[in-house]
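A.B. asks: This is the structure I have questions about; it appears just below.
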Amino acid sequence: MSNRAVRAPRNVEKRKKKAGHAIPRKKESGIRGNTIGARTKAKKLAGQRRVAMAKAAATST
């Protein structure tokens with residue numbers, strides 16, 4: 001059996017109200033951070049974009 005506490009209905013209500021008041025923000029464009037995973041992902045995406053640009057340039061000429 002689980003020992004996790006059940007969230008009280010009043011707290012659920014409060015969380016929903018707070019979420020409704022939150023300022024809508026734009027999603028982050030691209031990857032943020034300087035971690036190994038983020039840098040690897042950015043490098044991979046940059047390569048994919050470069051290939052796509054090269055293909056587009058080859059077909060346009």
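We label chains A, B, ... in the order they appear in the structure tokens, count residues from 1 in each chain, and number ligands from 1 in the order shown.
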DSSP on the backbone: which residues in chain A end up as alpha helix (DSSP H)? Give the answer as number ranges by chain.
C.D. replies: A: 9-21, 36-60
A.B. asks: Write out, as a compact mmCIF listing (two decimals), in the first residue's frame, the residues just selected, with N, CA and C atoms.
C.D. replies:
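Once written, selection04.txt looks like this:
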# COMPACT_ATOMS: atom_id res chain seq x y z
N PRO A 9 -9.10 18.22 -1.70
CA PRO A 9 -9.86 18.87 -2.78
C PRO A 9 -9.69 20.39 -2.80
N ARG A 10 -9.57 20.98 -1.62
CA ARG A 10 -9.39 22.44 -1.56
C ARG A 10 -8.06 22.85 -2.19
N ASN A 11 -7.04 22.05 -1.96
CA ASN A 11 -5.74 22.37 -2.55
C ASN A 11 -5.75 22.21 -4.06
N VAL A 12 -6.50 21.22 -4.53
CA VAL A 12 -6.64 21.02 -5.97
C VAL A 12 -7.31 22.25 -6.57
N GLU A 13 -8.34 22.72 -5.91
CA GLU A 13 -9.06 23.92 -6.37
C GLU A 13 -8.12 25.12 -6.43
N LYS A 14 -7.31 25.30 -5.39
CA LYS A 14 -6.37 26.43 -5.34
C LYS A 14 -5.36 26.35 -6.48
N ARG A 15 -4.84 25.15 -6.73
CA ARG A 15 -3.86 24.99 -7.80
C ARG A 15 -4.45 25.33 -9.16
N LYS A 16 -5.70 24.92 -9.37
CA LYS A 16 -6.36 25.22 -10.64
C LYS A 16 -6.56 26.73 -10.81
N LYS A 17 -6.94 27.41 -9.72
CA LYS A 17 -7.13 28.85 -9.79
C LYS A 17 -5.81 29.56 -10.09
N LYS A 18 -4.75 29.12 -9.41
CA LYS A 18 -3.44 29.74 -9.64
C LYS A 18 -2.98 29.53 -11.08
N ALA A 19 -3.24 28.34 -11.62
CA ALA A 19 -2.86 28.04 -13.00
C ALA A 19 -3.64 28.95 -13.96
N GLY A 20 -4.88 29.25 -13.61
CA GLY A 20 -5.69 30.12 -14.46
C GLY A 20 -5.20 31.56 -14.46
N HIS A 21 -4.55 31.97 -13.36
CA HIS A 21 -4.04 33.34 -13.26
C HIS A 21 -2.67 33.51 -13.91
N ILE A 36 25.64 18.49 -21.57
CA ILE A 36 26.15 17.65 -22.66
C ILE A 36 25.01 17.23 -23.58
N GLY A 37 23.88 16.84 -22.96
CA GLY A 37 22.73 16.42 -23.76
C GLY A 37 22.21 17.53 -24.65
N ALA A 38 22.10 18.73 -24.10
CA ALA A 38 21.57 19.87 -24.86
C ALA A 38 22.52 20.25 -25.99
N ARG A 39 23.81 20.21 -25.71
CA ARG A 39 24.80 20.58 -26.73
C ARG A 39 24.81 19.55 -27.86
N THR A 40 24.71 18.27 -27.48
CA THR A 40 24.68 17.20 -28.49
C THR A 40 23.44 17.34 -29.37
N LYS A 41 22.32 17.59 -28.74
CA LYS A 41 21.06 17.75 -29.48
C LYS A 41 21.14 18.94 -30.42
N ALA A 42 21.72 20.07 -29.94
CA ALA A 42 21.84 21.27 -30.77
C ALA A 42 22.74 21.00 -31.98
N LYS A 43 23.81 20.24 -31.73
CA LYS A 43 24.74 19.91 -32.80
C LYS A 43 24.06 19.05 -33.87
N LYS A 44 23.28 18.08 -33.41
CA LYS A 44 22.55 17.20 -34.32
C LYS A 44 21.56 17.99 -35.16
N LEU A 45 20.80 18.87 -34.50
CA LEU A 45 19.80 19.67 -35.22
C LEU A 45 20.46 20.60 -36.22
N ALA A 46 21.62 21.15 -35.85
CA ALA A 46 22.33 22.04 -36.75
C ALA A 46 22.76 21.28 -38.01
N GLY A 47 23.22 20.06 -37.82
CA GLY A 47 23.62 19.23 -38.96
C GLY A 47 22.44 18.91 -39.85
N GLN A 48 21.30 18.59 -39.23
CA GLN A 48 20.10 18.29 -40.02
C GLN A 48 19.65 19.51 -40.81
N ARG A 49 19.73 20.67 -40.21
CA ARG A 49 19.35 21.91 -40.92
C ARG A 49 20.30 22.18 -42.08
N ARG A 50 21.60 21.94 -41.83
CA ARG A 50 22.60 22.17 -42.88
C ARG A 50 22.34 21.27 -44.08
N VAL A 51 22.01 20.00 -43.83
CA VAL A 51 21.70 19.06 -44.90
C VAL A 51 20.45 19.52 -45.65
N ALA A 52 19.43 19.94 -44.92
CA ALA A 52 18.21 20.40 -45.55
C ALA A 52 18.45 21.63 -46.43
N MET A 53 19.29 22.54 -45.93
CA MET A 53 19.61 23.74 -46.72
C MET A 53 20.37 23.37 -47.98
N ALA A 54 21.29 22.41 -47.88
CA ALA A 54 22.07 21.99 -49.02
C ALA A 54 21.18 21.34 -50.08
N LYS A 55 20.23 20.52 -49.60
CA LYS A 55 19.28 19.88 -50.53
C LYS A 55 18.43 20.93 -51.24
N ALA A 56 17.97 21.92 -50.47
CA ALA A 56 17.14 22.96 -51.04
C ALA A 56 17.92 23.78 -52.07
N ALA A 57 19.19 24.04 -51.78
CA ALA A 57 20.02 24.80 -52.72
C ALA A 57 20.29 23.99 -53.97
N ALA A 58 20.46 22.69 -53.81
CA ALA A 58 20.75 21.83 -54.97
C ALA A 58 19.55 21.73 -55.89
N THR A 59 18.34 21.68 -55.32
CA THR A 59 17.15 21.53 -56.16
C THR A 59 16.74 22.86 -56.80
N SER A 60 17.11 23.97 -56.19
CA SER A 60 16.68 25.26 -56.73
C SER A 60 17.51 25.69 -57.93
